[in-house]
file model39.cif (mmCIF, C-alpha atoms)
data_my_file
#
loop_
_atom_site.group_PDB
_atom_site.id
_atom_site.type_symbol
_atom_site.label_atom_id
_atom_site.label_comp_id
_atom_site.auth_asym_id
_atom_site.auth_seq_id
_atom_site.Cartn_x
_atom_site.Cartn_y
_atom_site.Cartn_z
ATOM 1 C CA MET A 202 23.488 14.757 -56.633
ATOM 2 C CA ASN A 203 25.143 15.843 -53.347
ATOM 3 C CA THR A 204 22.659 18.698 -53.040
ATOM 4 C CA ILE A 205 19.749 16.279 -53.382
ATOM 5 C CA ARG A 206 21.279 13.939 -50.781
ATOM 6 C CA ASN A 207 21.818 16.834 -48.333
ATOM 7 C CA LYS A 208 18.202 17.965 -48.722
ATOM 8 C CA SER A 209 16.985 14.407 -48.179
ATOM 9 C CA TRP A 210 19.168 14.020 -45.070
ATOM 10 C CA LYS A 211 17.896 17.296 -43.637
ATOM 11 C CA SER A 212 14.294 16.320 -44.379
ATOM 12 C CA HIS A 213 14.711 13.013 -42.528
ATOM 13 C CA LEU A 214 16.420 14.778 -39.605
ATOM 14 C CA ARG A 215 13.728 17.425 -39.208
ATOM 15 C CA ILE A 216 11.058 15.039 -37.909
ATOM 16 C CA PRO A 217 13.204 13.492 -35.106
ATOM 17 C CA LEU A 218 14.305 16.984 -34.091
ATOM 18 C CA LEU A 219 10.701 18.169 -33.910
ATOM 19 C CA ILE A 220 9.791 15.105 -31.822
ATOM 20 C CA LEU A 221 12.753 15.748 -29.528
ATOM 21 C CA LEU A 222 11.784 19.406 -29.082
ATOM 22 C CA LEU A 223 8.204 18.376 -28.325
ATOM 23 C CA LEU A 224 9.381 15.860 -25.714
ATOM 24 C CA VAL A 225 11.639 18.472 -24.100
ATOM 25 C CA ALA A 226 8.755 20.943 -23.992
ATOM 26 C CA LEU A 227 6.418 18.342 -22.476
ATOM 27 C CA ALA A 228 9.042 17.379 -19.895
ATOM 28 C CA ALA A 229 9.539 21.048 -18.950
ATOM 29 C CA TYR A 230 5.781 21.562 -18.636
ATOM 30 C CA TYR A 231 5.412 18.371 -16.561
ATOM 31 C CA TYR A 232 8.188 19.483 -14.212
ATOM 32 C CA GLN A 233 6.744 22.992 -13.907
ATOM 33 C CA VAL A 234 3.276 21.681 -13.054
ATOM 34 C CA HIS A 235 4.449 19.188 -10.447
ATOM 35 C CA ASN A 236 7.220 21.290 -8.923
ATOM 36 C CA ARG A 237 4.867 23.788 -7.357
ATOM 37 C CA VAL A 238 2.614 23.607 -4.304
ATOM 38 C CA HIS A 239 -0.731 22.051 -5.169
ATOM 39 C CA PHE A 240 -4.070 22.333 -3.342
ATOM 40 C CA GLU A 241 -6.887 19.845 -3.683
ATOM 41 C CA VAL A 242 -10.055 18.966 -1.798
ATOM 42 C CA VAL A 243 -11.007 15.429 -0.761
ATOM 43 C CA GLN A 244 -14.767 14.937 -0.569
ATOM 44 C CA PHE A 245 -14.701 12.623 2.421
ATOM 45 C CA LYS A 246 -17.880 11.084 3.866
ATOM 46 C CA SER A 247 -17.714 10.369 7.579
ATOM 47 C CA ASN A 248 -19.490 7.199 8.630
ATOM 48 C CA LEU A 249 -19.349 8.268 12.261
ATOM 49 C CA ILE A 250 -20.865 11.712 11.781
ATOM 50 C CA GLY A 251 -22.985 10.617 8.857
ATOM 51 C CA LYS A 252 -22.310 13.474 6.479
ATOM 52 C CA PRO A 253 -19.648 14.755 4.076
ATOM 53 C CA LEU A 254 -16.666 16.351 5.822
ATOM 54 C CA PRO A 255 -14.372 17.547 3.026
ATOM 55 C CA TYR A 256 -10.764 18.314 3.833
ATOM 56 C CA GLY A 257 -8.155 20.365 2.060
ATOM 57 C CA VAL A 258 -4.739 19.019 1.117
ATOM 58 C CA VAL A 259 -1.668 21.139 0.397
ATOM 59 C CA LEU A 260 0.865 18.964 -1.426
ATOM 60 C CA PRO A 261 4.516 20.064 -1.482
ATOM 61 C CA ARG A 262 6.662 20.881 -4.476
ATOM 62 C CA GLY A 263 7.564 17.790 -6.471
ATOM 63 C CA TYR A 264 5.000 15.492 -4.844
ATOM 64 C CA GLY A 265 3.635 14.369 -8.221
ATOM 65 C CA LEU A 266 6.966 13.852 -9.969
ATOM 66 C CA ILE A 267 7.796 10.333 -11.107
ATOM 67 C CA THR A 268 11.157 10.650 -9.358
ATOM 68 C CA ALA A 269 9.345 11.217 -6.021
ATOM 69 C CA ARG A 270 6.877 8.335 -6.274
ATOM 70 C CA ARG A 271 8.524 6.462 -3.380
ATOM 71 C CA LYS A 272 8.996 9.522 -1.200
ATOM 72 C CA HIS A 273 6.899 9.861 1.978
ATOM 73 C CA TYR A 274 6.182 13.162 3.701
ATOM 74 C CA PRO A 275 5.455 14.455 7.212
ATOM 75 C CA VAL A 276 1.956 15.856 7.744
ATOM 76 C CA LEU A 277 0.691 18.951 9.557
ATOM 77 C CA TYR A 278 -3.013 18.946 10.445
ATOM 78 C CA LEU A 279 -4.202 22.558 10.626
ATOM 79 C CA LEU A 280 -7.497 23.047 12.497
ATOM 80 C CA HIS A 281 -9.812 25.976 11.804
ATOM 81 C CA GLY A 282 -11.547 28.076 14.438
ATOM 82 C CA TRP A 283 -15.182 28.597 15.370
ATOM 83 C CA SER A 284 -17.384 29.591 12.383
ATOM 84 C CA GLY A 285 -14.598 28.593 9.975
ATOM 85 C CA ASN A 286 -14.302 25.610 7.661
ATOM 86 C CA TYR A 287 -11.749 23.423 5.902
ATOM 87 C CA ASN A 288 -11.016 26.188 3.379
ATOM 88 C CA SER A 289 -10.400 29.004 5.875
ATOM 89 C CA TRP A 290 -6.632 28.633 6.131
ATOM 90 C CA VAL A 291 -6.149 28.709 2.363
ATOM 91 C CA LYS A 292 -8.606 31.572 1.892
ATOM 92 C CA ASP A 293 -7.554 33.828 4.774
ATOM 93 C CA THR A 294 -3.791 33.280 5.097
ATOM 94 C CA GLY A 295 -0.689 32.815 2.986
ATOM 95 C CA LEU A 296 -0.636 29.073 3.712
ATOM 96 C CA MET A 297 0.188 28.110 0.121
ATOM 97 C CA GLN A 298 3.129 30.522 0.033
ATOM 98 C CA TYR A 299 4.469 29.494 3.446
ATOM 99 C CA ALA A 300 4.144 25.757 2.734
ATOM 100 C CA ALA A 301 6.167 26.144 -0.477
ATOM 101 C CA ASP A 302 9.378 26.269 1.571
ATOM 102 C CA TYR A 303 8.819 22.865 3.187
ATOM 103 C CA GLN A 304 8.591 19.252 2.103
ATOM 104 C CA MET A 305 5.466 18.475 4.092
ATOM 105 C CA ILE A 306 1.784 17.805 3.462
ATOM 106 C CA VAL A 307 -0.710 20.145 5.159
ATOM 107 C CA ILE A 308 -4.244 18.896 5.861
ATOM 108 C CA THR A 309 -7.048 21.357 6.646
ATOM 109 C CA PRO A 310 -9.957 19.315 8.102
ATOM 110 C CA GLU A 311 -13.607 20.264 8.422
ATOM 111 C CA GLY A 312 -14.544 20.567 12.086
ATOM 112 C CA GLY A 313 -17.832 22.445 11.959
ATOM 113 C CA ASN A 314 -18.448 24.172 15.286
ATOM 114 C CA GLY A 315 -17.909 20.886 17.093
ATOM 115 C CA TRP A 316 -14.872 21.880 19.167
ATOM 116 C CA TYR A 317 -13.013 18.767 17.961
ATOM 117 C CA THR A 318 -14.877 16.858 20.674
ATOM 118 C CA ASP A 319 -17.405 14.020 20.859
ATOM 119 C CA SER A 320 -20.636 15.865 21.708
ATOM 120 C CA ALA A 321 -22.435 15.358 25.017
ATOM 121 C CA THR A 322 -25.819 16.106 23.439
ATOM 122 C CA VAL A 323 -25.692 15.027 19.762
ATOM 123 C CA PRO A 324 -24.615 11.363 19.495
ATOM 124 C CA SER A 325 -23.553 11.667 15.834
ATOM 125 C CA ASP A 326 -21.263 14.674 16.422
ATOM 126 C CA GLN A 327 -18.146 12.655 17.219
ATOM 127 C CA TYR A 328 -15.558 15.129 15.998
ATOM 128 C CA GLU A 329 -12.674 13.804 18.094
ATOM 129 C CA THR A 330 -13.239 10.156 17.198
ATOM 130 C CA TYR A 331 -13.742 11.156 13.561
ATOM 131 C CA PHE A 332 -10.366 12.870 13.536
ATOM 132 C CA MET A 333 -8.511 10.027 15.219
ATOM 133 C CA ASP A 334 -10.216 6.998 13.683
ATOM 134 C CA GLU A 335 -11.373 8.158 10.244
ATOM 135 C CA LEU A 336 -9.503 11.229 9.051
ATOM 136 C CA ILE A 337 -5.928 10.207 9.867
ATOM 137 C CA ARG A 338 -6.533 6.749 8.406
ATOM 138 C CA ASP A 339 -7.968 8.210 5.198
ATOM 139 C CA VAL A 340 -5.096 10.676 4.773
ATOM 140 C CA ASP A 341 -2.504 7.954 5.331
ATOM 141 C CA SER A 342 -4.207 5.689 2.788
ATOM 142 C CA ARG A 343 -4.597 8.346 0.053
ATOM 143 C CA PHE A 344 -1.262 10.126 0.324
ATOM 144 C CA ARG A 345 2.367 9.162 0.814
ATOM 145 C CA THR A 346 2.656 10.116 4.462
ATOM 146 C CA ILE A 347 5.041 9.184 7.230
ATOM 147 C CA ALA A 348 2.263 7.407 9.096
ATOM 148 C CA ASP A 349 3.394 7.676 12.708
ATOM 149 C CA ARG A 350 3.980 10.385 15.302
ATOM 150 C CA ARG A 351 7.478 11.143 13.977
ATOM 151 C CA GLY A 352 5.875 12.641 10.911
ATOM 152 C CA ARG A 353 2.597 14.009 12.262
ATOM 153 C CA SER A 354 1.773 17.361 13.891
ATOM 154 C CA VAL A 355 -1.434 19.177 14.768
ATOM 155 C CA ALA A 356 -1.988 22.917 15.098
ATOM 156 C CA GLY A 357 -4.869 25.368 15.039
ATOM 157 C CA ALA A 358 -6.225 28.783 15.925
ATOM 158 C CA SER A 359 -8.891 29.695 18.500
ATOM 159 C CA MET A 360 -11.234 26.656 18.669
ATOM 160 C CA GLY A 361 -8.629 24.824 16.575
ATOM 161 C CA GLY A 362 -5.883 25.786 19.027
ATOM 162 C CA TYR A 363 -7.905 24.277 21.860
ATOM 163 C CA GLY A 364 -8.440 21.146 19.762
ATOM 164 C CA ALA A 365 -4.772 20.802 18.859
ATOM 165 C CA LEU A 366 -3.520 21.034 22.448
ATOM 166 C CA LYS A 367 -6.274 18.721 23.680
ATOM 167 C CA PHE A 368 -5.334 16.132 21.058
ATOM 168 C CA GLY A 369 -1.736 16.431 22.214
ATOM 169 C CA PHE A 370 -2.678 15.496 25.790
ATOM 170 C CA LYS A 371 -5.312 12.870 25.002
ATOM 171 C CA HIS A 372 -3.445 11.214 22.120
ATOM 172 C CA PRO A 373 0.275 11.862 22.734
ATOM 173 C CA ASP A 374 1.247 8.772 20.749
ATOM 174 C CA LYS A 375 -0.130 10.361 17.567
ATOM 175 C CA PHE A 376 1.784 13.655 17.314
ATOM 176 C CA SER A 377 5.281 15.071 17.594
ATOM 177 C CA LEU A 378 3.963 18.652 17.915
ATOM 178 C CA ALA A 379 0.722 20.197 19.202
ATOM 179 C CA ALA A 380 0.546 23.950 18.550
ATOM 180 C CA SER A 381 -2.022 26.601 19.391
ATOM 181 C CA MET A 382 -2.488 30.149 18.120
ATOM 182 C CA SER A 383 -4.857 32.158 20.330
ATOM 183 C CA GLY A 384 -6.347 28.950 21.667
ATOM 184 C CA ALA A 385 -9.758 29.018 23.362
ATOM 185 C CA ILE A 386 -8.176 27.224 26.298
ATOM 186 C CA ASP A 387 -11.121 27.751 28.663
ATOM 187 C CA ALA A 388 -13.796 26.309 26.349
ATOM 188 C CA THR A 389 -15.093 23.717 28.818
ATOM 189 C CA SER A 390 -15.636 26.311 31.545
ATOM 190 C CA ARG A 391 -17.900 28.498 29.394
ATOM 191 C CA THR A 392 -21.682 28.468 29.008
ATOM 192 C CA ASP A 393 -22.139 31.619 26.916
ATOM 193 C CA GLU A 394 -22.362 30.080 23.437
ATOM 194 C CA SER A 395 -24.752 27.531 21.915
ATOM 195 C CA SER A 396 -22.100 25.348 20.236
ATOM 196 C CA ILE A 397 -20.265 25.036 23.567
ATOM 197 C CA LEU A 398 -23.445 23.914 25.333
ATOM 198 C CA GLN A 399 -24.245 21.500 22.508
ATOM 199 C CA THR A 400 -20.742 20.037 22.541
ATOM 200 C CA PHE A 401 -19.873 19.940 26.235
ATOM 201 C CA GLY A 402 -23.323 19.795 27.802
ATOM 202 C CA GLU A 403 -24.373 21.303 31.088
ATOM 203 C CA PRO A 404 -21.864 22.531 33.703
ATOM 204 C CA LEU A 405 -20.165 19.668 35.566
ATOM 205 C CA SER A 406 -20.956 17.183 32.787
ATOM 206 C CA SER A 407 -18.537 14.298 32.265
ATOM 207 C CA THR A 408 -17.790 15.614 28.755
ATOM 208 C CA ARG A 409 -16.641 18.932 30.194
ATOM 209 C CA LYS A 410 -14.438 17.152 32.709
ATOM 210 C CA ASP A 411 -12.937 14.755 30.163
ATOM 211 C CA ASN A 412 -12.071 17.597 27.756
ATOM 212 C CA ASP A 413 -10.995 20.258 30.234
ATOM 213 C CA LEU A 414 -7.582 21.209 28.893
ATOM 214 C CA PRO A 415 -6.122 22.713 32.125
ATOM 215 C CA ARG A 416 -7.307 19.617 34.030
ATOM 216 C CA LEU A 417 -5.702 17.320 31.461
ATOM 217 C CA ALA A 418 -2.416 19.167 31.989
ATOM 218 C CA ARG A 419 -2.658 19.142 35.796
ATOM 219 C CA GLU A 420 -3.476 15.428 35.941
ATOM 220 C CA PHE A 421 -1.209 14.137 33.200
ATOM 221 C CA PRO A 422 0.969 11.431 34.811
ATOM 222 C CA SER A 423 4.461 12.669 35.618
ATOM 223 C CA ASP A 424 6.010 9.397 34.517
ATOM 224 C CA ARG A 425 4.497 9.814 31.040
ATOM 225 C CA GLN A 426 5.463 13.435 30.383
ATOM 226 C CA ALA A 427 8.312 12.401 28.113
ATOM 227 C CA LEU A 428 5.701 10.885 25.786
ATOM 228 C CA LEU A 429 3.936 14.225 25.199
ATOM 229 C CA PRO A 430 4.408 16.010 21.890
ATOM 230 C CA TYR A 431 6.268 19.296 21.926
ATOM 231 C CA LEU A 432 3.740 21.920 23.023
ATOM 232 C CA TYR A 433 3.681 25.395 21.509
ATOM 233 C CA LEU A 434 1.188 28.172 22.228
ATOM 234 C CA ASP A 435 1.036 31.871 21.485
ATOM 235 C CA CYS A 436 -1.513 34.616 22.019
ATOM 236 C CA GLY A 437 -1.881 38.278 21.108
ATOM 237 C CA THR A 438 -1.666 40.898 23.839
ATOM 238 C CA ASP A 439 -5.016 42.342 22.687
ATOM 239 C CA ASP A 440 -6.715 38.943 22.604
ATOM 240 C CA PRO A 441 -9.599 38.232 25.024
ATOM 241 C CA TRP A 442 -8.103 34.738 25.596
ATOM 242 C CA LEU A 443 -4.726 36.123 26.707
ATOM 243 C CA THR A 444 -5.338 35.418 30.400
ATOM 244 C CA SER A 445 -6.446 31.811 29.847
ATOM 245 C CA ASN A 446 -3.409 31.163 27.641
ATOM 246 C CA ARG A 447 -1.067 32.719 30.194
ATOM 247 C CA ASP A 448 -2.668 30.713 33.005
ATOM 248 C CA PHE A 449 -2.366 27.502 31.003
ATOM 249 C CA SER A 450 1.329 28.160 30.441
ATOM 250 C CA SER A 451 1.664 28.604 34.210
ATOM 251 C CA VAL A 452 0.085 25.183 34.757
ATOM 252 C CA LEU A 453 2.585 23.657 32.334
ATOM 253 C CA LEU A 454 5.436 25.387 34.150
ATOM 254 C CA GLU A 455 4.207 24.103 37.527
ATOM 255 C CA ARG A 456 4.079 20.571 36.123
ATOM 256 C CA LYS A 457 7.500 21.026 34.467
ATOM 257 C CA ILE A 458 5.938 20.109 31.099
ATOM 258 C CA ILE A 459 8.195 21.213 28.260
ATOM 259 C CA HIS A 460 6.524 23.849 26.124
ATOM 260 C CA GLU A 461 7.017 27.188 24.436
ATOM 261 C CA TYR A 462 4.730 30.145 25.149
ATOM 262 C CA ARG A 463 4.783 33.513 23.382
ATOM 263 C CA GLN A 464 2.855 36.749 23.920
ATOM 264 C CA LEU A 465 2.929 38.954 20.863
ATOM 265 C CA PRO A 466 1.224 42.133 19.649
ATOM 266 C CA GLY A 467 -2.126 41.422 18.043
ATOM 267 C CA GLY A 468 -5.725 40.392 18.549
ATOM 268 C CA HIS A 469 -8.045 37.470 17.848
ATOM 269 C CA ILE A 470 -7.961 38.088 14.106
ATOM 270 C CA TRP A 471 -6.716 36.558 10.851
ATOM 271 C CA THR A 472 -3.876 39.046 10.425
ATOM 272 C CA TYR A 473 -2.378 37.727 13.664
ATOM 273 C CA TRP A 474 -2.885 34.060 12.713
ATOM 274 C CA ASP A 475 -1.468 34.650 9.247
ATOM 275 C CA ARG A 476 1.698 36.041 10.786
ATOM 276 C CA GLN A 477 2.027 33.232 13.313
ATOM 277 C CA LEU A 478 1.204 30.487 10.833
ATOM 278 C CA ARG A 479 4.566 30.941 9.146
ATOM 279 C CA GLU A 480 6.283 30.333 12.483
ATOM 280 C CA VAL A 481 4.139 27.306 13.365
ATOM 281 C CA ILE A 482 4.958 25.686 10.019
ATOM 282 C CA ARG A 483 8.654 26.305 10.679
ATOM 283 C CA ILE A 484 8.425 24.702 14.130
ATOM 284 C CA ALA A 485 6.510 21.745 12.691
ATOM 285 C CA GLY A 486 9.252 21.299 10.110
ATOM 286 C CA ASP A 487 11.855 21.255 12.874
ATOM 287 C CA ARG A 488 9.934 18.848 15.114
ATOM 288 C CA MET A 489 8.948 16.264 12.511
ATOM 289 C CA VAL A 490 11.264 13.985 10.603
ATOM 290 C CA SER A 491 12.194 15.003 7.067
ATOM 291 C CA ALA A 492 10.572 13.508 3.989
ATOM 292 C CA GLU A 493 12.056 10.103 3.314
#
call {"tool": "encode", "arguments": {"input": "model39.cif", "output": "structure tokens"}}
result
Amino acid sequence: MNTIRNKSWKSHLRIPLLILLLLVALAAYYYQVHNRVHFEVVQFKSNLIGKPLPYGVVLPRGYGLITARRKHYPVLYLLHGWSGNYNSWVKDTGLMQYAADYQMIVITPEGGNGWYTDSATVPSDQYETYFMDELIRDVDSRFRTIADRRGRSVAGASMGGYGALKFGFKHPDKFSLAASMSGAIDATSRTDESSILQTFGEPLSSTRKDNDLPRLAREFPSDRQALLPYLYLDCGTDDPWLTSNRDFSSVLLERKIIHEYRQLPGGHIWTYWDRQLREVIRIAGDRMVSAE
């Protein structure tokens, strides 16, 4: 009789144990999936520009966990260069690996070859207004962001470096950091490329004047300098934009505008930007508030 009772007890116990093991396994799988960096693409349609402008989103470890559902994160907007797209940073650098060490969201917008500027010649190409009025609003509505300058930075390489620094001067209330890697600082003074002519118009146009980065720095009001984001720029010693970056740093020094400038070995290539991206993410993490 005791043997029969023991077998019956064990039979009844087996099912709850199997259920418990299944729940533990599911919980472990759930944690593993959500405790790693995740990349997704938002198929955003811009009403201003009138076409789809997808953007990439790198979500930090733990973003999708139930225990983090009330947690909000700082955001780094990472701008691609000329001829690139929203996927360039993920495809050509170790962004996913570098972001894994930080509790921040990284957004990689689509900027076309529009120089992150409202075009002088194509009325629908409003890439600056799109960024400020549509993109940031959409990101803040879709994701748990810290939706003010304390938790927002912008950085980029080449054309994106120009765009990031320009945004820092024209919209200082939006960002705590504006960072440039090999920035095309002199974009508005050039006439040697079709996208530059399409964006900025003819020499001496008002669009060139309004988006001239060295001019913005020279004429930025002294009594408002404390409102500027922290400015960071670097450039490789073999980069054709080295002189314009060095000259821009000199303008900032003359104006006593706080910034950090580095000259490092390297050229205008992805291997250089991949190396510097790790440092820019670190600086962004230091300059923005922590996830809260």
call {"tool": "resolve_selection", "arguments": {"input": "model39.cif", "expression": "the PyMOL selection byres ((chain A and resi 418) around 10)", "output": "mmCIF file with C-alpha atoms, in the frame of the given file"}}
result
data_model
loop_
_atom_site.group_PDB
_atom_site.id
_atom_site.type_symbol
_atom_site.label_atom_id
_atom_site.label_comp_id
_atom_site.auth_asym_id
_atom_site.auth_seq_id
_atom_site.Cartn_x
_atom_site.Cartn_y
_atom_site.Cartn_z
ATOM 1 C CA LEU A 366 -3.520 21.034 22.448
ATOM 2 C CA LYS A 367 -6.274 18.721 23.680
ATOM 3 C CA PHE A 370 -2.678 15.496 25.790
ATOM 4 C CA LYS A 371 -5.312 12.870 25.002
ATOM 5 C CA ASP A 413 -10.995 20.258 30.234
ATOM 6 C CA LEU A 414 -7.582 21.209 28.893
ATOM 7 C CA PRO A 415 -6.122 22.713 32.125
ATOM 8 C CA ARG A 416 -7.307 19.617 34.030
ATOM 9 C CA LEU A 417 -5.702 17.320 31.461
ATOM 10 C CA ARG A 419 -2.658 19.142 35.796
ATOM 11 C CA GLU A 420 -3.476 15.428 35.941
ATOM 12 C CA PHE A 421 -1.209 14.137 33.200
ATOM 13 C CA PRO A 422 0.969 11.431 34.811
ATOM 14 C CA GLN A 426 5.463 13.435 30.383
ATOM 15 C CA PHE A 449 -2.366 27.502 31.003
ATOM 16 C CA SER A 450 1.329 28.160 30.441
ATOM 17 C CA VAL A 452 0.085 25.183 34.757
ATOM 18 C CA LEU A 453 2.585 23.657 32.334
ATOM 19 C CA GLU A 455 4.207 24.103 37.527
ATOM 20 C CA ARG A 456 4.079 20.571 36.123
ATOM 21 C CA ILE A 458 5.938 20.109 31.099
#
call {"tool": "resolve_selection", "arguments": {"input": "model39.cif", "expression": "the PyMOL selection byres ((chain A and resi 435-448) around 6)", "output": "NGL selection string"}}
result
:A and (382-383 or 434 or 449-451 or 462-469)
call {"tool": "closest_atom_pairs", "arguments": {"input": "model39.cif", "of": "range 378-431 of chain A", "to": "range 308-326 of chain A", "cutoff": "6 Å", "atoms": "only C-alpha atoms", "output": "Markdown table"}}
result
| residue | atom | partner | partner_atom | distance |
| --- | --- | --- | --- | --- |
| A:Gln399 | CA | A:Thr322 | CA | 5.7 |
| A:Thr400 | CA | A:Ser320 | CA | 4.3 |
| A:Phe401 | CA | A:Ala321 | CA | 5.4 |
| A:Gly402 | CA | A:Ala321 | CA | 5.3 |
| A:Thr408 | CA | A:Ala321 | CA | 6.0 |
call {"tool": "resolve_selection", "arguments": {"input": "model39.cif", "expression": "the PyMOL selection byres ((chain A and resi 460) around 7)", "output": "ChimeraX atom specification"}}
result
/A:431-433,458-459,461-462
call {"tool": "residues_around", "arguments": {"input": "model39.cif", "residues": "Leu254 in chain A", "least_positions_apart": "4", "cutoff": "7 Å", "atoms": "only C-alpha atoms", "output": "MDAnalysis selection string"}}
result
chainID A and resid 244:247 311
call {"tool": "write_last_selection", "arguments": {"input": "model39.cif", "atoms": "C-alpha atoms", "output": "short mmCIF file (atom, residue, chain, number, x, y, z; two decimals), keeping the file's coordinate frame"}}
result
data_model
loop_
_atom_site.label_atom_id
_atom_site.label_comp_id
_atom_site.auth_asym_id
_atom_site.auth_seq_id
_atom_site.Cartn_x
_atom_site.Cartn_y
_atom_site.Cartn_z
CA GLN A 244 -14.77 14.94 -0.57
CA PHE A 245 -14.70 12.62 2.42
CA LYS A 246 -17.88 11.08 3.87
CA SER A 247 -17.71 10.37 7.58
CA GLU A 311 -13.61 20.26 8.42
#
call {"tool": "residues_around", "arguments": {"input": "model39.cif", "residues": "Gly257 in chain A", "least_positions_apart": "2", "cutoff": "12 Å", "atoms": "all atoms listed in the file", "output": "VMD selection string"}}
result
chain A and resid 239 to 245 254 to 255 259 to 260 277 to 281 286 to 292 296 to 297 306 to 312 336 340
call {"tool": "closest_residue", "arguments": {"input": "model39.cif", "among": "A:Asp349, A:Ile397, A:Leu378, A:Thr392", "to": "Leu429 in chain A", "atoms": "only C-alpha atoms"}}
result
A:Leu378
call {"tool": "atom_distance", "arguments": {"input": "model39.cif", "atom1": "CA of Arg391 in chain A", "atom2": "CA of Ser377 in chain A"}}
result
29.3 Å
call {"tool": "closest_residue", "arguments": {"input": "model39.cif", "among": "A:Val276, A:Leu428, A:Ile250, A:Ile482", "to": "Ser354 in chain A", "atoms": "only C-alpha atoms"}}
result
A:Val276
call {"tool": "closest_residue", "arguments": {"input": "model39.cif", "among": "A:Asn236, A:Arg353, A:Phe332, A:Gln477", "to": "Thr268 in chain A", "atoms": "all atoms listed in the file"}}
result
A:Asn236
call {"tool": "residues_around", "arguments": {"input": "model39.cif", "residues": "Thr294 in chain A", "least_positions_apart": "5", "cutoff": "10 Å", "atoms": "only C-alpha atoms", "output": "short mmCIF file (atom, residue, chain, number, x, y, z; two decimals) with C-alpha atoms, keeping the file's coordinate frame"}}
result
data_model
loop_
_atom_site.label_atom_id
_atom_site.label_comp_id
_atom_site.auth_asym_id
_atom_site.auth_seq_id
_atom_site.Cartn_x
_atom_site.Cartn_y
_atom_site.Cartn_z
CA SER A 289 -10.40 29.00 5.88
CA TYR A 299 4.47 29.49 3.45
CA TRP A 471 -6.72 36.56 10.85
CA THR A 472 -3.88 39.05 10.42
CA TYR A 473 -2.38 37.73 13.66
CA TRP A 474 -2.88 34.06 12.71
CA ASP A 475 -1.47 34.65 9.25
CA ARG A 476 1.70 36.04 10.79
CA LEU A 478 1.20 30.49 10.83
CA ARG A 479 4.57 30.94 9.15
#
call {"tool": "residues_around", "arguments": {"input": "model39.cif", "residues": "Pro275 in chain A", "least_positions_apart": "2", "cutoff": "6 Å", "atoms": "all atoms listed in the file", "output": "short mmCIF file (atom, residue, chain, number, x, y, z; two decimals) with C-alpha atoms, keeping the file's coordinate frame"}}
result
data_model
loop_
_atom_site.label_atom_id
_atom_site.label_comp_id
_atom_site.auth_asym_id
_atom_site.auth_seq_id
_atom_site.Cartn_x
_atom_site.Cartn_y
_atom_site.Cartn_z
CA MET A 305 5.47 18.48 4.09
CA THR A 346 2.66 10.12 4.46
CA ILE A 347 5.04 9.18 7.23
CA GLY A 352 5.88 12.64 10.91
CA ARG A 353 2.60 14.01 12.26
#
call {"tool": "atom_distance", "arguments": {"input": "model39.cif", "atom1": "CA of His273 in chain A", "atom2": "CA of Tyr331 in chain A"}}
result
23.7 Å
call {"tool": "atom_distance", "arguments": {"input": "model39.cif", "atom1": "CA of Met360 in chain A", "atom2": "CA of Gly285 in chain A"}}
result
9.5 Å
call {"tool": "axis_aligned_box", "arguments": {"input": "model39.cif", "around": "range 418-427 of chain A", "padding_each_side": "5 Å", "output": "lines of an AutoDock Vina configuration file"}}
result
center_x = 2.4
center_y = 14.3
center_z = 32.0
size_x = 21.8
size_y = 19.8
size_z = 17.8
